[in-house]
Each structure stands twice: as C-alpha cells, then as structure tokens.
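A.B. asks: Got a structure for you, model.cif, holding mmCIF, C-alpha atoms.
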```
data_entry
#
loop_
_atom_site.label_atom_id
_atom_site.label_comp_id
_atom_site.auth_asym_id
_atom_site.auth_seq_id
_atom_site.Cartn_x
_atom_site.Cartn_y
_atom_site.Cartn_z
CA MET J 393 25.46 -30.22 35.16
CA GLU J 394 25.84 -30.16 31.39
CA ARG J 395 28.18 -31.92 29.01
CA VAL J 396 28.45 -30.98 25.34
CA PHE J 397 29.14 -33.61 22.67
CA ILE J 398 30.46 -33.27 19.15
CA SER J 399 28.51 -36.29 17.92
CA ILE J 400 25.06 -35.50 16.61
CA LEU J 401 22.40 -37.50 18.40
CA LEU J 402 19.37 -38.26 16.31
CA ILE J 403 17.18 -40.47 18.42
CA THR J 404 13.48 -39.71 18.41
CA PHE J 405 12.04 -43.04 19.36
CA PHE J 406 8.51 -41.81 19.92
CA THR J 407 8.48 -39.21 17.14
CA ILE J 408 7.53 -39.57 13.50
CA GLY J 409 9.97 -41.73 11.55
CA CYS J 410 11.37 -43.44 14.64
CA ASN J 411 9.06 -46.01 16.21
CA SER J 412 6.20 -43.52 16.22
CA ILE J 413 3.71 -43.55 19.05
CA GLU J 414 0.86 -41.12 19.55
CA LYS J 415 1.53 -38.44 22.18
CA LYS J 416 0.26 -35.08 23.30
CA GLU J 417 2.26 -31.90 23.70
CA ILE J 418 4.93 -31.79 26.41
CA THR J 419 2.79 -29.30 28.30
CA GLU J 420 0.43 -32.17 29.04
CA LYS J 421 1.45 -34.90 31.46
CA THR J 422 2.76 -38.34 30.62
CA GLU J 423 2.88 -41.73 32.33
CA ASP J 424 4.63 -45.09 32.12
CA MET J 425 3.86 -48.63 31.12
CA LYS J 426 5.20 -52.08 30.53
CA THR J 427 5.08 -54.24 27.41
CA GLN J 428 2.04 -56.06 28.77
CA SER J 429 -0.12 -52.89 28.92
CA LYS J 430 1.03 -50.97 25.90
CA GLU J 431 -2.36 -49.40 25.29
CA ASN J 432 -1.56 -46.97 28.11
CA ASN J 433 1.43 -45.53 26.20
CA ILE J 434 3.79 -46.19 29.10
CA ASP J 435 7.46 -46.81 28.33
CA TYR J 436 9.59 -48.81 30.76
CA GLY J 437 12.72 -48.30 28.67
CA ARG J 438 14.19 -50.15 25.74
CA ASN J 439 17.56 -51.81 25.32
CA ILE J 440 17.74 -50.57 21.73
CA VAL J 441 16.09 -47.65 19.94
CA GLN J 442 16.32 -46.50 16.33
CA CYS J 443 16.27 -43.30 14.33
CA GLY J 444 17.12 -43.01 10.64
CA GLU J 445 19.91 -45.39 9.68
CA CYS J 446 21.22 -45.71 13.24
CA ILE J 447 20.26 -47.74 16.26
CA TYR J 448 21.27 -46.72 19.77
CA PHE J 449 22.03 -48.74 22.89
CA CYS J 450 23.96 -48.69 26.17
CA ASP J 451 26.97 -50.97 26.61
CA SER J 452 30.33 -51.32 28.33
CA ASN J 453 32.77 -48.54 27.50
CA ASP J 454 35.23 -49.58 24.80
CA ASP J 455 37.82 -47.24 26.29
CA LYS J 456 39.17 -49.33 29.16
CA LYS J 457 41.29 -46.39 30.39
CA SER J 458 38.27 -44.13 30.81
CA ASN J 459 36.81 -43.44 34.25
CA TYR J 460 33.39 -43.94 32.70
CA GLY J 461 32.43 -47.61 32.81
CA ARG J 462 29.60 -47.50 30.26
CA ALA J 463 28.52 -45.50 27.24
CA VAL J 464 25.62 -44.85 24.88
CA TYR J 465 26.50 -45.95 21.35
CA SER J 466 25.05 -45.67 17.88
CA VAL J 467 25.53 -48.11 15.02
CA ASN J 468 24.93 -47.09 11.42
CA GLN J 469 23.25 -50.14 9.93
CA GLU J 470 24.22 -49.28 6.37
CA TYR J 471 27.97 -49.07 6.98
CA ASN J 472 28.27 -50.97 10.29
CA GLU J 473 29.84 -47.90 11.88
CA LYS J 474 29.79 -47.86 15.68
CA LYS J 475 30.05 -44.46 17.36
CA LYS J 476 30.23 -43.49 21.01
CA ILE J 477 27.66 -40.81 21.85
CA VAL J 478 28.27 -40.18 25.54
CA GLU J 479 30.20 -41.87 28.35
CA ILE J 480 28.44 -42.56 31.64
CA TYR J 481 29.57 -43.88 35.00
CA GLY J 482 26.60 -46.04 35.85
CA ASP J 483 26.25 -49.73 36.50
CA LEU J 484 24.21 -52.18 34.42
CA TYR J 485 21.19 -52.03 36.72
CA ALA J 486 20.85 -48.29 36.32
CA THR J 487 21.97 -47.77 32.74
CA GLY J 488 20.79 -50.70 30.67
CA LYS J 489 17.82 -48.97 29.04
CA LEU J 490 17.07 -45.83 27.07
CA PHE J 491 13.87 -43.80 27.36
CA VAL J 492 12.89 -41.38 24.60
CA PHE J 493 10.28 -38.66 24.47
CA ASP J 494 10.00 -35.92 21.85
CA ASN J 495 13.51 -34.50 21.30
CA TYR J 496 15.09 -35.99 24.41
CA ILE J 497 16.71 -39.25 25.43
CA PHE J 498 16.67 -40.20 29.11
CA VAL J 499 19.21 -42.54 30.65
CA ASN J 500 20.17 -43.41 34.23
CA ASP J 501 23.69 -42.86 35.56
CA TYR J 502 25.54 -43.32 38.84
CA ILE J 503 27.62 -40.34 39.95
CA ASP J 504 29.20 -39.66 43.35
CA ASP J 505 27.37 -42.58 44.99
CA GLU J 506 24.01 -41.36 43.70
CA TYR J 507 21.76 -42.56 40.90
CA VAL J 508 20.84 -39.65 38.63
CA ILE J 509 18.64 -39.15 35.57
CA LEU J 510 20.34 -37.66 32.51
CA ARG J 511 18.43 -36.00 29.68
CA ILE J 512 20.17 -35.79 26.32
CA SER J 513 18.92 -33.05 23.99
CA ILE J 514 18.82 -34.07 20.35
CA ASP J 515 18.67 -30.47 19.17
CA ASP J 516 21.77 -29.08 20.87
CA ASN J 517 23.61 -32.31 21.80
CA LYS J 518 23.85 -31.43 25.50
CA VAL J 519 23.41 -33.68 28.52
CA LYS J 520 21.70 -32.31 31.60
CA THR J 521 21.18 -33.92 34.99
CA LEU J 522 17.44 -33.68 35.60
CA SER J 523 17.23 -35.16 39.07
CA LYS J 524 18.67 -37.60 41.55
CA GLY J 525 17.06 -41.02 41.29
CA ILE J 526 16.32 -43.91 38.93
CA LEU J 527 13.89 -43.42 36.06
CA ASN J 528 11.11 -46.01 36.29
CA CYS J 529 8.96 -45.12 33.30
CA ILE J 530 7.68 -42.37 31.01
CA ASP J 531 3.99 -41.81 30.40
CA ALA J 532 3.98 -40.82 26.75
CA GLU J 533 0.33 -39.74 26.79
CA ASN J 534 0.61 -37.29 29.68
CA GLY J 535 4.25 -36.24 29.34
CA GLU J 536 5.31 -37.35 32.83
CA VAL J 537 8.41 -39.09 34.15
CA TYR J 538 8.11 -41.45 37.14
CA TYR J 539 11.27 -42.01 39.14
CA SER J 540 12.57 -43.25 42.50
CA HIS J 541 15.11 -41.69 44.81
CA PHE J 542 16.66 -44.07 47.34
CA LEU J 543 17.28 -42.45 50.71
CA TYR J 544 18.43 -45.82 52.03
CA TYR J 545 18.60 -49.22 50.37
CA ASP J 546 19.91 -52.69 51.12
CA SER J 547 18.66 -56.29 50.94
CA TYR J 548 16.71 -55.97 54.18
CA GLU J 549 15.29 -52.48 54.11
CA LYS J 550 14.65 -49.55 51.81
CA ASN J 551 13.48 -46.00 52.23
CA THR J 552 12.40 -44.50 48.95
CA GLU J 553 10.87 -41.32 47.59
CA ILE J 554 8.79 -41.91 44.46
CA PHE J 555 8.15 -38.83 42.32
CA LYS J 556 6.65 -37.77 39.05
CA MET J 557 7.67 -34.73 37.02
CA ASP J 558 7.26 -33.25 33.58
CA VAL J 559 9.72 -34.41 30.93
CA ASN J 560 11.42 -31.00 31.15
CA GLY J 561 12.22 -31.64 34.83
CA GLU J 562 9.62 -29.25 36.20
CA ASN J 563 6.40 -29.69 38.18
CA VAL J 564 7.96 -32.27 40.52
CA LYS J 565 5.43 -34.00 42.81
CA LEU J 566 6.08 -36.52 45.57
CA ILE J 567 3.80 -39.56 45.20
CA CYS J 568 4.92 -41.42 48.32
CA LEU J 569 7.74 -41.84 50.81
CA GLY J 570 8.41 -45.09 52.61
CA LYS J 571 9.80 -48.61 52.47
CA TYR J 572 8.59 -49.18 48.92
CA GLU J 573 9.93 -49.73 45.44
CA PHE J 574 8.23 -48.85 42.15
CA LEU J 575 6.79 -51.85 40.27
CA HIS J 576 4.26 -50.89 37.64
CA LYS J 577 1.74 -48.28 36.54
CA ASP J 578 -1.71 -49.16 35.29
CA ASN J 579 -3.93 -46.21 34.34
CA ASP J 580 -3.94 -43.97 37.45
CA VAL J 581 -2.68 -46.66 39.85
CA VAL J 582 0.97 -47.07 40.77
CA TYR J 583 1.88 -50.51 42.14
CA LEU J 584 4.64 -50.73 44.73
CA GLU J 585 6.69 -53.48 46.33
CA GLY J 586 7.20 -53.31 50.06
CA MET J 587 8.84 -55.70 52.50
CA TYR J 588 7.88 -56.84 55.99
CA ASP J 589 9.89 -59.41 57.95
CA LYS J 590 11.47 -60.66 54.70
CA ASN J 591 8.04 -61.15 53.11
CA ALA J 592 7.19 -59.42 49.84
CA VAL J 593 4.29 -56.97 50.13
CA LEU J 594 2.29 -55.69 47.15
CA MET J 595 0.94 -52.17 47.61
CA SER J 596 -0.74 -49.53 45.48
CA ILE J 597 -1.26 -45.78 45.46
CA ASN J 598 -3.03 -43.44 43.05
CA SER J 599 -0.78 -41.30 40.88
CA ASP J 600 -2.12 -38.20 42.67
CA SER J 601 -0.61 -39.68 45.90
CA SER J 602 -3.98 -40.64 47.39
CA ASP J 603 -5.19 -44.01 48.73
CA LEU J 604 -1.96 -45.76 49.73
CA ARG J 605 -2.90 -49.30 50.72
CA LYS J 606 -1.50 -52.79 51.22
CA ILE J 607 -2.96 -55.28 48.74
CA VAL J 608 -1.37 -58.48 50.02
CA GLU J 609 1.56 -59.73 52.09
CA ILE J 610 3.11 -62.88 50.63
CA PRO J 611 4.57 -65.24 53.24
CA CYS J 612 8.13 -66.25 52.45
CA GLU J 613 8.54 -69.95 51.61
CA TYR J 614 12.22 -70.14 50.66
CA ARG J 615 14.47 -69.39 53.61
CA GLU J 616 17.38 -71.72 53.05
CA TYR J 617 19.56 -68.60 53.00
CA GLU J 618 18.14 -66.39 55.75
CA LYS J 619 19.92 -63.26 54.58
CA GLU J 620 17.92 -63.07 51.34
CA PRO J 621 14.36 -61.70 51.57
CA GLU J 622 11.78 -62.51 48.92
CA ARG J 623 11.13 -60.07 46.08
CA ILE J 624 8.59 -59.54 43.34
CA THR J 625 10.58 -60.18 40.16
CA GLU J 626 7.75 -59.91 37.61
CA PHE J 627 4.36 -58.18 37.50
CA GLY J 628 1.49 -58.54 35.05
CA ILE J 629 -2.22 -57.74 34.79
CA ALA J 630 -4.89 -59.78 33.00
CA GLY J 631 -8.36 -58.32 33.45
CA ASP J 632 -9.16 -58.26 37.18
CA TRP J 633 -6.20 -60.51 38.00
CA ILE J 634 -2.65 -59.67 39.01
CA PHE J 635 0.12 -62.22 38.35
CA LEU J 636 3.42 -62.07 40.23
CA SER J 637 6.70 -63.96 40.29
CA VAL J 638 7.80 -63.98 43.91
CA GLY J 639 11.02 -65.40 45.34
CA SER J 640 14.64 -64.77 46.22
CA TYR J 641 18.09 -65.23 44.72
CA GLN J 642 20.14 -67.60 46.84
CA GLY J 643 23.46 -69.35 47.01
CA SER J 644 26.77 -68.82 45.22
CA GLY J 645 25.08 -69.27 41.86
CA ASN J 646 22.43 -66.65 42.67
CA PHE J 647 19.67 -69.06 41.63
CA PHE J 648 16.05 -67.99 41.84
CA TYR J 649 13.82 -69.77 44.35
CA GLY J 650 10.16 -68.85 44.25
CA ASN J 651 6.95 -69.35 42.32
CA LEU J 652 4.10 -67.84 40.34
CA VAL J 653 1.12 -66.41 42.22
CA ARG J 654 -2.25 -64.93 41.26
CA LEU J 655 -4.63 -62.62 43.10
CA LYS J 656 -7.48 -60.22 42.46
CA LYS J 657 -6.65 -56.51 42.23
CA ASP J 658 -8.19 -56.01 45.66
CA GLY J 659 -5.89 -58.66 47.16
CA THR J 660 -8.51 -61.41 47.50
CA GLU J 661 -8.36 -64.95 46.08
CA PHE J 662 -4.59 -65.15 46.49
CA GLU J 663 -3.11 -68.48 45.41
CA ARG J 664 0.24 -69.97 44.48
CA LEU J 665 -0.13 -71.45 41.03
CA ILE J 666 3.02 -73.45 40.40
CA ASP J 667 5.31 -74.61 43.17
CA GLU J 668 8.45 -74.27 41.08
CA PRO J 669 10.76 -71.34 40.34
CA ILE J 670 9.30 -69.08 37.63
CA GLU J 671 11.29 -65.85 37.56
CA HIS J 672 9.71 -64.15 34.51
CA PHE J 673 6.62 -64.50 32.34
CA TYR J 674 4.67 -62.82 29.54
CA ILE J 675 0.91 -62.26 29.48
CA ILE J 676 -0.25 -62.37 25.86
CA GLY J 677 -3.98 -62.27 25.20
CA ASP J 678 -5.65 -64.99 27.27
CA TYR J 679 -2.38 -66.86 27.92
CA ILE J 680 0.56 -66.56 30.26
CA TYR J 681 3.89 -67.89 28.93
CA PHE J 682 6.73 -68.89 31.24
CA ASN J 683 9.85 -70.98 31.84
CA TYR J 684 10.81 -72.93 34.92
CA GLU J 685 14.02 -71.49 36.33
CA TYR J 686 15.60 -74.94 36.47
CA TYR J 687 14.53 -78.43 35.52
CA GLU J 688 14.52 -81.68 37.43
CA ASP J 689 13.84 -83.62 34.27
CA ASN J 690 13.89 -82.95 30.54
CA LYS J 691 10.09 -83.00 30.30
CA LYS J 692 9.93 -79.53 31.84
CA GLN J 693 12.50 -77.87 29.63
CA GLY J 694 11.47 -75.07 27.33
CA CYS J 695 8.40 -72.86 27.26
CA TRP J 696 5.05 -73.55 28.93
CA ARG J 697 1.77 -71.73 28.66
CA MET J 698 -1.67 -71.73 30.28
CA ARG J 699 -4.74 -69.54 30.10
CA THR J 700 -5.04 -66.77 32.64
CA ASP J 701 -8.10 -68.59 34.03
CA LEU J 702 -5.57 -71.41 34.77
CA SER J 703 -6.98 -73.85 32.21
CA GLY J 704 -5.19 -75.40 29.25
CA LYS J 705 -1.69 -75.74 30.69
CA GLU J 706 0.60 -77.17 28.03
CA HIS J 707 4.26 -77.65 27.26
CA ILE J 708 5.45 -76.06 23.99
CA GLY J 709 9.15 -76.53 24.68
CA ASP J 710 9.55 -78.52 21.47
CA LYS J 711 8.98 -75.25 19.59
CA ILE J 712 10.70 -72.65 21.77
CA GLY J 713 12.95 -72.91 24.79
CA MET J 714 14.17 -70.14 27.09
CA LEU J 715 12.04 -67.03 26.47
CA LYS J 716 13.92 -63.89 25.43
CA GLY J 717 11.26 -61.38 24.47
CA TYR J 718 7.77 -60.37 23.39
CA PHE J 719 7.14 -57.07 21.62
CA ASP J 720 3.38 -56.89 21.02
CA ASP J 721 3.84 -58.20 17.48
CA GLY J 722 2.20 -61.62 17.77
CA TYR J 723 5.50 -63.49 18.14
CA LEU J 724 7.47 -64.94 21.02
CA TYR J 725 11.25 -64.94 20.82
CA GLY J 726 13.53 -67.39 22.57
CA GLU J 727 16.35 -69.92 22.48
CA ALA J 728 16.14 -73.53 21.42
CA VAL J 729 18.92 -76.08 21.78
CA ALA J 730 20.53 -76.79 18.42
CA ALA J 731 23.31 -79.08 19.64
CA SER J 732 24.30 -80.29 23.06
CA ASP J 733 26.62 -82.80 24.68
CA SER J 734 28.49 -83.06 27.96
CA ASN J 735 31.02 -80.46 26.83
CA LYS J 736 29.12 -77.92 24.73
CA THR J 737 25.66 -76.42 24.24
CA ILE J 738 24.73 -74.35 21.18
CA ASN J 739 21.36 -72.57 20.93
CA ASP J 740 19.43 -71.21 17.97
CA LEU J 741 17.37 -68.01 18.20
CA ARG J 742 13.75 -68.74 17.26
CA GLN J 743 10.50 -66.93 16.63
CA LEU J 744 7.14 -68.51 17.49
CA ASN J 745 4.02 -67.31 15.65
CA ILE J 746 1.52 -67.47 18.51
CA GLU J 747 -1.64 -67.60 16.37
CA LYS J 748 -0.36 -70.17 13.86
CA ASN J 749 1.83 -72.06 16.37
CA GLU J 750 4.62 -72.06 13.79
CA VAL J 751 8.35 -71.56 14.37
CA ILE J 752 11.11 -70.10 12.22
CA SER J 753 14.82 -69.86 13.03
CA LEU J 754 16.23 -66.33 13.11
CA PHE J 755 19.82 -67.33 13.80
CA ASP J 756 21.67 -70.62 13.50
CA GLY J 757 23.95 -70.90 16.53
CA ASN J 758 26.34 -73.13 14.61
CA LYS J 759 27.28 -70.13 12.45
CA ALA J 760 28.70 -68.15 15.35
CA LEU J 761 32.40 -68.03 16.11
CA MET J 762 33.04 -70.90 18.56
CA ARG J 763 36.53 -71.53 19.86
CA GLU J 764 37.66 -75.07 20.46
CA ASP J 765 37.47 -74.56 24.23
CA SER J 766 34.07 -72.81 24.17
CA ASN J 767 31.26 -74.60 25.94
CA TYR J 768 28.10 -72.52 25.57
CA LEU J 769 26.40 -70.20 23.07
CA GLY J 770 23.33 -68.17 23.99
CA TYR J 771 21.59 -64.84 23.39
CA TYR J 772 20.85 -61.80 25.46
CA VAL J 773 19.24 -58.36 25.13
CA THR J 774 16.91 -59.30 22.29
CA GLU J 775 14.93 -56.28 21.09
CA LYS J 776 12.59 -55.49 18.21
CA VAL J 777 12.66 -52.13 16.43
CA ASN J 778 10.26 -51.76 13.52
CA GLU J 779 10.62 -54.92 11.41
CA PHE J 780 14.08 -55.86 12.71
CA ILE J 781 15.18 -58.05 15.60
CA TYR J 782 18.44 -57.00 17.29
CA PHE J 783 20.34 -59.39 19.48
CA TRP J 784 23.72 -60.21 20.97
CA VAL J 785 25.28 -63.64 20.56
CA GLU J 786 27.37 -64.59 23.57
CA VAL J 787 29.92 -67.40 23.62
CA HIS J 788 31.26 -68.69 26.93
CA GLY J 789 34.58 -70.41 27.48
CA TYR J 790 38.06 -69.81 28.80
CA ASN J 791 39.09 -66.21 28.24
CA ARG J 792 42.68 -66.19 29.46
CA ASP J 793 45.66 -68.49 29.98
CA ASN J 794 45.37 -70.88 32.91
CA ASP J 795 41.70 -70.06 33.31
CA ASN J 796 39.95 -72.88 35.19
CA TRP J 797 36.38 -71.68 34.67
CA ARG J 798 34.68 -71.88 31.28
CA GLY J 799 31.82 -69.54 32.18
CA HIS J 800 33.63 -66.41 31.05
CA THR J 801 32.37 -64.52 28.01
CA CYS J 802 35.04 -64.92 25.34
CA TYR J 803 33.18 -63.66 22.27
CA GLU J 804 30.20 -61.38 21.59
CA ALA J 805 28.54 -60.34 18.34
CA PHE J 806 25.72 -57.89 17.67
CA TYR J 807 23.32 -58.89 14.86
CA ARG J 808 20.22 -57.66 13.10
CA VAL J 809 17.69 -59.79 11.24
CA ARG J 810 14.26 -59.12 9.74
CA ASP J 811 11.32 -60.61 11.61
CA ASN J 812 10.75 -63.01 8.70
CA GLY J 813 14.24 -64.49 9.21
CA GLU J 814 15.82 -62.74 6.21
CA ASP J 815 18.56 -60.12 5.83
CA LEU J 816 20.80 -61.28 8.70
CA ARG J 817 23.57 -58.74 9.24
CA LEU J 818 26.52 -58.63 11.66
CA LEU J 819 26.72 -55.09 13.05
CA TYR J 820 29.86 -55.50 15.17
CA GLU J 821 31.72 -58.03 17.26
CA ARG J 822 34.26 -58.18 20.06
CA THR J 823 36.44 -60.81 21.74
#
```
Rewrite the coordinates I just gave you, this time as structure tokens.
C.D. replies:
Amino acid sequence: MERVFISILLITFFTIGCNSIEKKEITEKTEDMKTQSKENNIDYGRNIVQCGECIYFCDSNDDKKSNYGRAVYSVNQEYNEKKKIVEIYGDLYATGKLFVFDNYIFVNDYIDDEYVILRISIDDNKVKTLSKGILNCIDAENGEVYYSHFLYYDSYEKNTEIFKMDVNGENVKLICLGKYEFLHKDNDVVYLEGMYDKNAVLMSINSDSSDLRKIVEIPCEYREYEKEPERITEFGIAGDWIFLSVGSYQGSGNFFYGNLVRLKKDGTEFERLIDEPIEHFYIIGDYIYFNYEYYEDNKKQGCWRMRTDLSGKEHIGDKIGMLKGYFDDGYLYGEAVAASDSNKTINDLRQLNIEKNEVISLFDGNKALMREDSNYLGYYVTEKVNEFIYFWVEVHGYNRDNDNWRGHTCYEAFYRVRDNGEDLRLLYERT
C-alpha cells in the first residue's frame, strides 16, 4: 500500500544536520534502545523530531470530518506554520512516536483492525506499509527494526510474534512466538514480559532467537480488582541489576497499584524496594529518580532519588515535582506547583541540573491562558531536540455548557524554549 503526498517531508533525525547519531550503512543491521542505554544506539521512538527549521510530531487530526483520527504534523519554528504531512488511522498507543533512520520515518498505524508499520520516504514523499505489527525500536548501529505482531491480545492473555527486519522491510526473522510482549533490548539480549496466573513474568531471549528463558516470576500483590493482572510498566538496567516497576491499573480512575523491584540479571536477589506505587523512573548515573504515584501526606510529594545500591535515599521534591523527562543531557525535567488552593492548581515547568543540584524555571504556569472555570494546569509530552525543549501546556476545566466535570481539556498550547530558559516561543495553540 502506498500513499503519495504533496507536502515535502524533510525529517532525517539520525542524519547529519538533524539530531545526528553515528550509524553504519543500511546494508548492516540495526537494533533498538531506550533513553537509559543510549550508548547502544537504540531508538525507542520520539514524540518530537526536528530537521531544518521544522519539527515533526504526531497529534489528533485537525480535520474532524476526516476518517483518519490522527496525523503527522510539521511546525516551521521561524514562522509558526503548522502543516499536516500525512493522516493516519491509529490510536494514541500505536501512533504517539516517530522513529527515523536514514531517509525514512517510521510510524505505527491501525488499519482494518490491525496494527501496521508505515515507512515514509523523505526522497519521494511516499508512504509504504512495511509490515503488520507495532514497531518497538530501531537499532541504529545495525540497521534493524524490532517489532511485534499480536495474534491475540487482551488483559488476561497474549499471543505475540516478535520479529526483526532490515529498515527496508527485508530479511525478516522471527525471534520468538508465545505469550510475551517486547520490553527492552540490551546489546544482544531482548527482554520480554510474560504473564502467568495474573503474575508478571520477566523473560529474555538472544536477538538470534536462542536461549529463551524465564528470569523471574513476580507474585501479584494488588488484587483488589481481580480482572486486572499485573504488568511491568518500566524497565531499567544499572550494571548487573535490573529495576522494574510492577503493578496494575485499577478502579474507575485507572490508578496504578504496584511498586519498584530490583533483581540481578540472572533473576537472583529479587527484592521489592518500596512498598508504594512507583509507575515510572529514570536511572541516571548511580541514581534512580522516581515519583510516588499518589501521596498520603505532603512529605512524599515531588521527586525522590536513591543510589542504585539502595543507599542515600532522599527527597528532592522542593526542587522538582512530577517528573516529565530525561534526555541524557544532565538535566531532569518536571512540574512543580506554582499556585494551589482547593479550586485550582497551576504548575511551572522546571529543569534540575543534576550535578549542581540547581533549578531554573522554563515556563511560568501563571502565563498560560486560564479560564475562570479552569482548575488545573500541567504539561505533557515534554521532549528535547538539540538545545530546545518542546512541550504542551494543558489546561483542564469545563469544556461545554452544562458540563459537570472539570477534568476536560479546554485549552492546549505547544511551546519551545531553550534549555537555559531563554527564547520561549508559542508555536501553536488550540481550544
């Protein structure tokens, strides 16, 4: 399937002039990686990428009459011009990130009840369906795409084929088939999440499909809502240790119940570290940074950190609150409450210099457009491209007449600011 577009697409995220990263020729293979192991040249997808004067991202389709629910957009930062590049059907889970290698952009879509991988050619502006499945990562060093094809999937059970292929869609190889889901790639090892009797199971297999093994089965501790099995929501490696966030989303508010665990790579010395919900974390140097999912008292609010050997646990919530991103640049990004009362909460966007333990404000939440009936201002999809931080400001409140719930999004704005806090620019906004 091919679709031709009039708009010229200029993204080359990994090529010279656009977030350059060393790579070999496409004829060699490539593999994927997460922010926490960037030395392996593995890309797990970015919310925003840049080339020339334009940045590119995936968002809801502006054309409400279109059958395509989402689209890939570009924004010219010089003139604040937003342009639709291609419409796609997919949902947020499948289409939130862009992957770029050489002269191609990869994005997930959802067509005819199937997840598919689209490859957009920069040279001829065509879109081609490479394969059924969801793209998990791209190994930029070896030129390989890792992806998953769901034969069957629900909350209780999954049956998945996990493949790798060249970035041109050729040389497809099956890595494994079973009740697994792709988690992470570290060197030649692919980590998988399985499930047994509602317990999360961490597994691994070599990228050549050899040595499939179970590392550890994690007994479920949160079964207030029996229908929800536990999942691994975050994965990180620090030396010989693996850190996991393990839990489930329960109740009408879809709150996370679970905790942070640590184990050796061979599955030994398993232990639960903190008996409170920690959905996500960042491993930076010798430290792991995290937030509690909810707080029973104000003393726990904001960011915490401890060394990966479990020493030196400390609360740094006075400097930075809810974590929003880390981009291998020596800074943590997150929210901090600027003003709060029983009716309204406004957050600033902050940057924490990890080495100097110093904070600067990147955006003053009081400057955003707040309606009289708005009750919350926060940030989402924070991303760093070169020296700029890109972020959306989101204001919650009533969004229609006779609305009795103030949790609706009633205003959004897309901003850019330099990583030193200067040159703040509004790129576009919508109500």
A.B. asks: My list of candidates is J:Leu584, J:Glu626, J:Tyr544, J:Glu671. Which is closest to Tyr641 (chain J) when distances are computed with only C-alpha atoms?
C.D. replies: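 Among the listed residues, J:Glu671 lies closest to Tyr641 (chain J).
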A.B. asks: Would you write out, as an mmCIF file with C-alpha atoms, in the coordinates of the input, every residue that the PyMOL selection byres ((chain J and resi 681) around 7) captures in this file?
C.D. replies:
```cif
data_model
loop_
_atom_site.group_PDB
_atom_site.id
_atom_site.type_symbol
_atom_site.label_atom_id
_atom_site.label_comp_id
_atom_site.auth_asym_id
_atom_site.auth_seq_id
_atom_site.Cartn_x
_atom_site.Cartn_y
_atom_site.Cartn_z
ATOM 1 C CA PHE J 673 6.620 -64.500 32.340
ATOM 2 C CA TYR J 674 4.670 -62.820 29.540
ATOM 3 C CA ILE J 675 0.910 -62.260 29.480
ATOM 4 C CA TYR J 679 -2.380 -66.860 27.920
ATOM 5 C CA ILE J 680 0.560 -66.560 30.260
ATOM 6 C CA PHE J 682 6.730 -68.890 31.240
ATOM 7 C CA CYS J 695 8.400 -72.860 27.260
ATOM 8 C CA TRP J 696 5.050 -73.550 28.930
ATOM 9 C CA ARG J 697 1.770 -71.730 28.660
ATOM 10 C CA MET J 698 -1.670 -71.730 30.280
#
```
A.B. asks: Residues near region 709-714 of chain J, anyone? I mean within 8 Å using only C-alpha atoms, not counting same-chain ones fewer than 5 positions away, as a ChimeraX atom specification.
C.D. replies: /J:683,692-696,725-729,742-744,750-751
A.B. asks: What does the distance from CA of Glu536 (chain J) to CA of Asp603 (chain J) come to in Å, to one decimal?
C.D. replies: 20.2 Å
A.B. asks: So what do you get for CA of Ser601 (chain J) versus CA of Cys568 (chain J), distance-wise?
C.D. replies: 6.3 Å
A.B. asks: Between CA of Asn551 (chain J) and CA of Gly639 (chain J), measure the distance and give it in Å to one decimal.
C.D. replies: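 Taking CA of Asn551 (chain J) and CA of Gly639 (chain J), their separation equals 20.7 Å.
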A.B. asks: From the list J:Ala760, J:Leu754, J:Ile624, J:Val441, which residue is nearest Arg810 (chain J) when using all atoms listed in the file?
C.D. replies: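 That would be J:Leu754, the residue with the smallest distance to Arg810 (chain J).
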A.B. asks: For this file, the PyMOL selection byres ((chain J and resi 657) around 8) selects which residues, as a list in words?
C.D. replies: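 Expected selection for the PyMOL selection byres ((chain J and resi 657) around 8) here is Ile607, Asp632, Trp633, Ile634, Leu655, Lys656, Asp658, Gly659 and Thr660 of chain J.
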A.B. asks: Report as an mmCIF file with C-alpha atoms, in the frame of the given file the full result of the PyMOL selection byres ((chain J and resi 597) around 12) when it is applied to this structure.
C.D. replies:
```
data_model
loop_
_atom_site.group_PDB
_atom_site.id
_atom_site.type_symbol
_atom_site.label_atom_id
_atom_site.label_comp_id
_atom_site.auth_asym_id
_atom_site.auth_seq_id
_atom_site.Cartn_x
_atom_site.Cartn_y
_atom_site.Cartn_z
ATOM 1 C CA ILE J 554 8.790 -41.910 44.460
ATOM 2 C CA LEU J 566 6.080 -36.520 45.570
ATOM 3 C CA ILE J 567 3.800 -39.560 45.200
ATOM 4 C CA CYS J 568 4.920 -41.420 48.320
ATOM 5 C CA LEU J 569 7.740 -41.840 50.810
ATOM 6 C CA TYR J 572 8.590 -49.180 48.920
ATOM 7 C CA GLU J 573 9.930 -49.730 45.440
ATOM 8 C CA PHE J 574 8.230 -48.850 42.150
ATOM 9 C CA LEU J 575 6.790 -51.850 40.270
ATOM 10 C CA HIS J 576 4.260 -50.890 37.640
ATOM 11 C CA LYS J 577 1.740 -48.280 36.540
ATOM 12 C CA ASP J 578 -1.710 -49.160 35.290
ATOM 13 C CA ASN J 579 -3.930 -46.210 34.340
ATOM 14 C CA ASP J 580 -3.940 -43.970 37.450
ATOM 15 C CA VAL J 581 -2.680 -46.660 39.850
ATOM 16 C CA VAL J 582 0.970 -47.070 40.770
ATOM 17 C CA TYR J 583 1.880 -50.510 42.140
ATOM 18 C CA LEU J 584 4.640 -50.730 44.730
ATOM 19 C CA GLU J 585 6.690 -53.480 46.330
ATOM 20 C CA LEU J 594 2.290 -55.690 47.150
ATOM 21 C CA MET J 595 0.940 -52.170 47.610
ATOM 22 C CA SER J 596 -0.740 -49.530 45.480
ATOM 23 C CA ASN J 598 -3.030 -43.440 43.050
ATOM 24 C CA SER J 599 -0.780 -41.300 40.880
ATOM 25 C CA ASP J 600 -2.120 -38.200 42.670
ATOM 26 C CA SER J 601 -0.610 -39.680 45.900
ATOM 27 C CA SER J 602 -3.980 -40.640 47.390
ATOM 28 C CA ASP J 603 -5.190 -44.010 48.730
ATOM 29 C CA LEU J 604 -1.960 -45.760 49.730
ATOM 30 C CA ARG J 605 -2.900 -49.300 50.720
ATOM 31 C CA LYS J 606 -1.500 -52.790 51.220
ATOM 32 C CA ILE J 607 -2.960 -55.280 48.740
#
```
A.B. asks: Could you check the closest approach to Asp720 (chain J) for each of J:Asp701, J:Glu775, J:Asp454, J:Glu668 and tell me which residue wins, using only C-alpha atoms?
C.D. replies: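 Going through J:Asp701, J:Glu775, J:Asp454, J:Glu668 one by one, the smallest distance to Asp720 (chain J) is for J:Glu775.
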A.B. asks: Pick from J:Glu533, J:Glu506, J:Glu779, J:Glu786: nearest to Asp740 (chain J), with all atoms listed in the file counted?
C.D. replies: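 Of all the options, J:Glu786 lies closest to Asp740 (chain J).
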